[in-house]
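Colleague: upload-v8.csv is the file, holding CSV, N, CA and C atoms:
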chain,number,residue,atom,x,y,z
A,15,MET,N,77.4,104.6,116.5
A,15,MET,CA,76.3,104.0,115.8
A,15,MET,C,76.1,104.6,114.4
A,16,ARG,N,75.7,103.6,113.6
A,16,ARG,CA,75.4,104.1,112.2
A,16,ARG,C,74.0,104.5,112.1
A,17,GLN,N,73.8,105.5,111.2
A,17,GLN,CA,72.5,106.0,111.0
A,17,GLN,C,71.8,105.1,110.0
A,18,ARG,N,70.5,104.9,110.2
A,18,ARG,CA,69.8,104.1,109.2
A,18,ARG,C,69.5,104.9,108.0
A,19,GLU,N,69.5,104.2,106.8
A,19,GLU,CA,69.2,104.9,105.6
A,19,GLU,C,67.7,105.1,105.5
A,20,LYS,N,67.3,106.2,104.8
A,20,LYS,CA,65.9,106.6,104.7
A,20,LYS,C,65.3,105.7,103.5
A,21,SER,N,64.1,105.4,103.7
A,21,SER,CA,63.5,104.6,102.6
A,21,SER,C,63.2,105.4,101.4
A,22,GLU,N,63.0,104.7,100.2
A,22,GLU,CA,62.8,105.4,99.0
A,22,GLU,C,61.6,106.3,99.0
A,23,LYS,N,60.5,105.9,99.7
A,23,LYS,CA,59.3,106.6,99.7
A,23,LYS,C,59.5,108.0,100.3
A,24,SER,N,60.3,108.1,101.3
A,24,SER,CA,60.5,109.4,101.9
A,24,SER,C,61.3,110.3,101.1
A,25,ARG,N,62.0,109.9,100.1
A,25,ARG,CA,62.9,110.7,99.3
A,25,ARG,C,62.1,111.3,98.1
A,26,VAL,N,60.9,110.8,97.8
A,26,VAL,CA,60.2,111.3,96.6
A,26,VAL,C,59.6,112.7,97.0
A,27,LYS,N,59.8,113.6,96.1
A,27,LYS,CA,59.2,114.9,96.4
A,27,LYS,C,57.7,114.9,95.9
A,28,ILE,N,56.9,115.5,96.6
A,28,ILE,CA,55.5,115.6,96.2
A,28,ILE,C,55.2,117.0,95.6
A,29,SER,N,54.7,117.0,94.4
A,29,SER,CA,54.4,118.2,93.8
A,29,SER,C,52.9,118.2,93.4
A,30,ARG,N,52.4,119.4,93.2
A,30,ARG,CA,51.0,119.6,92.8
A,30,ARG,C,50.9,119.2,91.3
A,31,PRO,N,49.7,118.6,91.0
A,31,PRO,CA,49.5,118.3,89.5
A,31,PRO,C,49.4,119.6,88.7
A,32,VAL,N,49.9,119.5,87.6
A,32,VAL,CA,49.8,120.7,86.7
A,32,VAL,C,48.5,120.7,86.0
A,33,SER,N,47.8,121.8,86.0
A,33,SER,CA,46.5,121.9,85.4
A,33,SER,C,46.7,122.0,83.9
A,34,SER,N,45.9,121.1,83.1
A,34,SER,CA,46.1,121.1,81.7
A,34,SER,C,45.4,122.3,81.0
A,35,LYS,N,44.3,122.8,81.6
A,35,LYS,CA,43.6,123.9,81.0
A,35,LYS,C,43.3,124.9,82.0
A,36,SER,N,43.3,126.1,81.6
A,36,SER,CA,42.9,127.2,82.5
A,36,SER,C,41.4,127.3,82.4
A,37,PRO,N,40.8,127.7,83.5
A,37,PRO,CA,39.3,127.7,83.5
A,37,PRO,C,38.8,128.8,82.5
A,38,LYS,N,37.8,128.5,81.8
A,38,LYS,CA,37.2,129.5,80.8
A,38,LYS,C,36.6,130.7,81.6
A,39,SER,N,36.8,131.8,81.0
A,39,SER,CA,36.2,133.0,81.6
A,39,SER,C,34.7,133.1,81.3
A,40,ASP,N,34.0,133.9,82.0
A,40,ASP,CA,32.6,134.0,81.9
A,40,ASP,C,32.3,134.6,80.5
A,41,ALA,N,33.1,135.5,80.0
A,41,ALA,CA,32.9,136.2,78.7
A,41,ALA,C,33.0,135.2,77.6
A,42,SER,N,34.0,134.3,77.7
A,42,SER,CA,34.1,133.2,76.7
A,42,SER,C,32.9,132.3,76.6
A,43,GLY,N,32.5,131.9,77.8
A,43,GLY,CA,31.3,131.0,77.9
A,43,GLY,C,30.0,131.7,77.4
A,44,ARG,N,29.9,133.0,77.7
A,44,ARG,CA,28.8,133.8,77.2
A,44,ARG,C,28.8,133.9,75.7
A,45,ARG,N,29.9,134.1,75.1
A,45,ARG,CA,30.0,134.2,73.7
A,45,ARG,C,29.6,132.9,73.0
A,46,GLN,N,30.1,131.8,73.6
A,46,GLN,CA,29.7,130.5,73.0
A,46,GLN,C,28.2,130.3,73.1
A,47,LEU,N,27.6,130.6,74.2
A,47,LEU,CA,26.2,130.5,74.4
A,47,LEU,C,25.4,131.3,73.5
A,48,GLU,N,25.9,132.6,73.3
A,48,GLU,CA,25.2,133.5,72.4
A,48,GLU,C,25.3,132.9,70.9
A,49,LYS,N,26.4,132.4,70.6
A,49,LYS,CA,26.6,131.8,69.2
A,49,LYS,C,25.6,130.6,69.0
A,50,ARG,N,25.6,129.8,70.0
A,50,ARG,CA,24.7,128.6,69.9
A,50,ARG,C,23.2,129.0,69.9
A,51,LEU,N,22.8,130.0,70.7
A,51,LEU,CA,21.5,130.5,70.6
A,51,LEU,C,21.1,131.1,69.3
A,52,ALA,N,22.1,131.8,68.7
A,52,ALA,CA,21.8,132.4,67.3
A,52,ALA,C,21.7,131.3,66.3
A,53,GLU,N,22.4,130.2,66.4
A,53,GLU,CA,22.3,129.1,65.5
A,53,GLU,C,20.9,128.4,65.6
A,54,VAL,N,20.5,128.2,66.8
A,54,VAL,CA,19.2,127.6,67.1
A,54,VAL,C,18.1,128.5,66.6
A,55,LEU,N,18.2,129.8,66.8
A,55,LEU,CA,17.2,130.7,66.4
A,55,LEU,C,17.0,130.7,64.9
A,56,SER,N,18.2,130.7,64.2
A,56,SER,CA,18.2,130.6,62.7
A,56,SER,C,17.5,129.3,62.2
A,57,GLN,N,17.8,128.2,62.9
A,57,GLN,CA,17.2,126.9,62.5
A,57,GLN,C,15.7,127.0,62.7
A,58,LEU,N,15.2,127.6,63.8
A,58,LEU,CA,13.8,127.7,64.1
A,58,LEU,C,13.1,128.6,63.1
A,59,GLN,N,13.7,129.7,62.7
A,59,GLN,CA,13.1,130.6,61.8
A,59,GLN,C,13.0,129.9,60.4
A,60,THR,N,14.0,129.1,60.0
A,60,THR,CA,14.0,128.4,58.8
A,60,THR,C,12.8,127.4,58.8
A,61,ARG,N,12.7,126.7,59.9
A,61,ARG,CA,11.6,125.7,60.0
A,61,ARG,C,10.3,126.3,60.0
A,62,ASP,N,10.1,127.5,60.6
A,62,ASP,CA,8.8,128.2,60.6
A,62,ASP,C,8.5,128.6,59.2
A,63,LEU,N,9.4,129.0,58.4
A,63,LEU,CA,9.2,129.4,57.0
A,63,LEU,C,8.8,128.2,56.2
A,64,GLU,N,9.5,127.1,56.4
A,64,GLU,CA,9.1,125.8,55.7
A,64,GLU,C,7.7,125.4,56.0
A,65,LEU,N,7.3,125.5,57.3
A,65,LEU,CA,6.0,125.1,57.7
A,65,LEU,C,4.9,126.0,57.1
A,66,ALA,N,5.2,127.3,57.0
A,66,ALA,CA,4.3,128.3,56.5
A,66,ALA,C,4.1,128.0,55.0
A,67,VAL,N,5.1,127.7,54.3
A,67,VAL,CA,5.0,127.4,52.8
A,67,VAL,C,4.2,126.1,52.6
A,68,ALA,N,4.5,125.1,53.4
A,68,ALA,CA,3.7,123.9,53.3
A,68,ALA,C,2.3,124.1,53.6
A,69,ARG,N,2.0,124.9,54.6
A,69,ARG,CA,0.6,125.2,55.0
A,69,ARG,C,-0.1,125.9,53.8
A,70,GLU,N,0.5,126.9,53.2
A,70,GLU,CA,0.0,127.6,52.1
A,70,GLU,C,-0.3,126.6,50.9
A,71,GLN,N,0.6,125.7,50.6
A,71,GLN,CA,0.5,124.8,49.5
A,71,GLN,C,-0.7,123.9,49.8
A,72,GLN,N,-0.8,123.4,51.1
A,72,GLN,CA,-1.9,122.5,51.4
A,72,GLN,C,-3.3,123.2,51.3
A,73,THR,N,-3.3,124.5,51.8
A,73,THR,CA,-4.5,125.3,51.7
A,73,THR,C,-5.0,125.5,50.2
A,74,ALA,N,-4.0,125.8,49.4
A,74,ALA,CA,-4.3,126.0,48.0
A,74,ALA,C,-4.8,124.7,47.3
A,75,ALA,N,-4.2,123.6,47.6
A,75,ALA,CA,-4.6,122.3,47.1
A,75,ALA,C,-6.0,122.0,47.6
A,76,SER,N,-6.3,122.2,48.8
A,76,SER,CA,-7.6,122.0,49.4
A,76,SER,C,-8.7,122.8,48.7
A,77,GLU,N,-8.4,124.1,48.5
A,77,GLU,CA,-9.3,125.0,47.8
A,77,GLU,C,-9.6,124.5,46.4
A,78,ALA,N,-8.5,124.1,45.7
A,78,ALA,CA,-8.7,123.6,44.3
A,78,ALA,C,-9.6,122.3,44.3
A,79,ASP,N,-9.3,121.4,45.3
A,79,ASP,CA,-10.2,120.2,45.3
A,79,ASP,C,-11.6,120.6,45.6
A,80,HIS,N,-11.8,121.5,46.5
A,80,HIS,CA,-13.2,122.0,46.9
A,80,HIS,C,-13.9,122.6,45.7
A,81,GLU,N,-13.2,123.4,44.9
A,81,GLU,CA,-13.8,124.1,43.8
A,81,GLU,C,-14.1,123.0,42.7
A,82,ARG,N,-13.3,122.0,42.6
A,82,ARG,CA,-13.5,121.0,41.6
A,82,ARG,C,-14.7,120.2,41.9
A,83,TRP,N,-15.0,119.9,43.2
A,83,TRP,CA,-16.1,119.0,43.5
A,83,TRP,C,-17.3,119.8,44.0
A,84,ALA,N,-17.2,121.1,44.2
A,84,ALA,CA,-18.4,121.8,44.6
A,84,ALA,C,-19.4,122.0,43.5
A,85,LEU,N,-20.6,121.8,43.8
A,85,LEU,CA,-21.7,122.0,42.8
A,85,LEU,C,-22.3,123.4,43.0
A,86,THR,N,-22.6,124.0,41.9
A,86,THR,CA,-23.2,125.3,41.9
A,86,THR,C,-24.7,125.1,42.0
A,87,VAL,N,-25.4,126.2,42.2
A,87,VAL,CA,-26.9,126.1,42.3
A,87,VAL,C,-27.4,125.6,41.0
A,88,GLU,N,-26.8,126.1,39.9
A,88,GLU,CA,-27.3,125.7,38.6
A,88,GLU,C,-27.1,124.2,38.4
A,89,ASP,N,-26.0,123.6,38.9
A,89,ASP,CA,-25.7,122.2,38.8
A,89,ASP,C,-26.8,121.4,39.5
A,90,TRP,N,-27.2,121.9,40.7
A,90,TRP,CA,-28.2,121.2,41.5
A,90,TRP,C,-29.6,121.2,40.8
A,91,ARG,N,-29.9,122.4,40.2
A,91,ARG,CA,-31.1,122.4,39.5
A,91,ARG,C,-31.2,121.5,38.3
A,92,ARG,N,-30.1,121.4,37.6
A,92,ARG,CA,-30.0,120.5,36.4
A,92,ARG,C,-30.1,119.0,36.9
A,93,LEU,N,-29.5,118.7,38.0
A,93,LEU,CA,-29.5,117.3,38.5
A,93,LEU,C,-30.8,116.9,39.1
A,94,SER,N,-31.5,117.9,39.7
A,94,SER,CA,-32.8,117.6,40.3
A,94,SER,C,-33.9,117.5,39.3
A,95,SER,N,-33.8,118.1,38.1
A,95,SER,CA,-34.9,118.1,37.2
A,95,SER,C,-34.9,116.9,36.3
Could you write out this file's structure as structure tokens?

Modeller:
Amino acid sequence: MRQREKSEKSRVKISRPVSSKSPKSDASGRRQLEKRLAEVLSQLQTRDLELAVAREQQTAASEADHERWALTVEDWRRLSS
């Protein structure tokens, strides 16, 4: 008796897929996180400084307007007489 030939499917070797990347180490991830946190902190500090400058400018302008429109006691006396 002749032996039956094996089908093509049974001849294919099965191998594990090759990983394209090795997993990142904890130290690498930590460094990236620390770098990102430093960037965000720098941005926040810059924004805080900008807001403080804007607040000072607004306060100075408000005080100048108040002084311009404020009447002194002498002004009131002159107006009321």

Colleague: Using all atoms of stretch 73-82 of chain A listed in the file and a margin of 6 Å per side, can you give the axis-aligned box centre and edge lengths in Å to one decimal, as AutoDock Vina command-line options?

Modeller:
--center_x -9.0 --center_y 123.1 --center_z 46.7 --size_x 23.4 --size_y 17.8 --size_z 22.2

Colleague: Can you work out the spacing between atom CA of A:Leu51 and atom N of A:Val67 in Å, to one decimal?

Modeller: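 Separation of atom CA of A:Leu51 and atom N of A:Val67: 23.3 Å.
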
Colleague: Can you measure atom CA of A:Ser94 to atom CA of A:Ala78 for me? One decimal in Å is fine.

Modeller: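 That distance, rounded to one decimal, is 25.2 Å.
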
Colleague: What is the atom C of A:Glu53-atom CA of A:Ala41 distance in Å, reported with one decimal?

Modeller: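 Value for the atom C of A:Glu53-atom CA of A:Ala41 distance: 19.4 Å.
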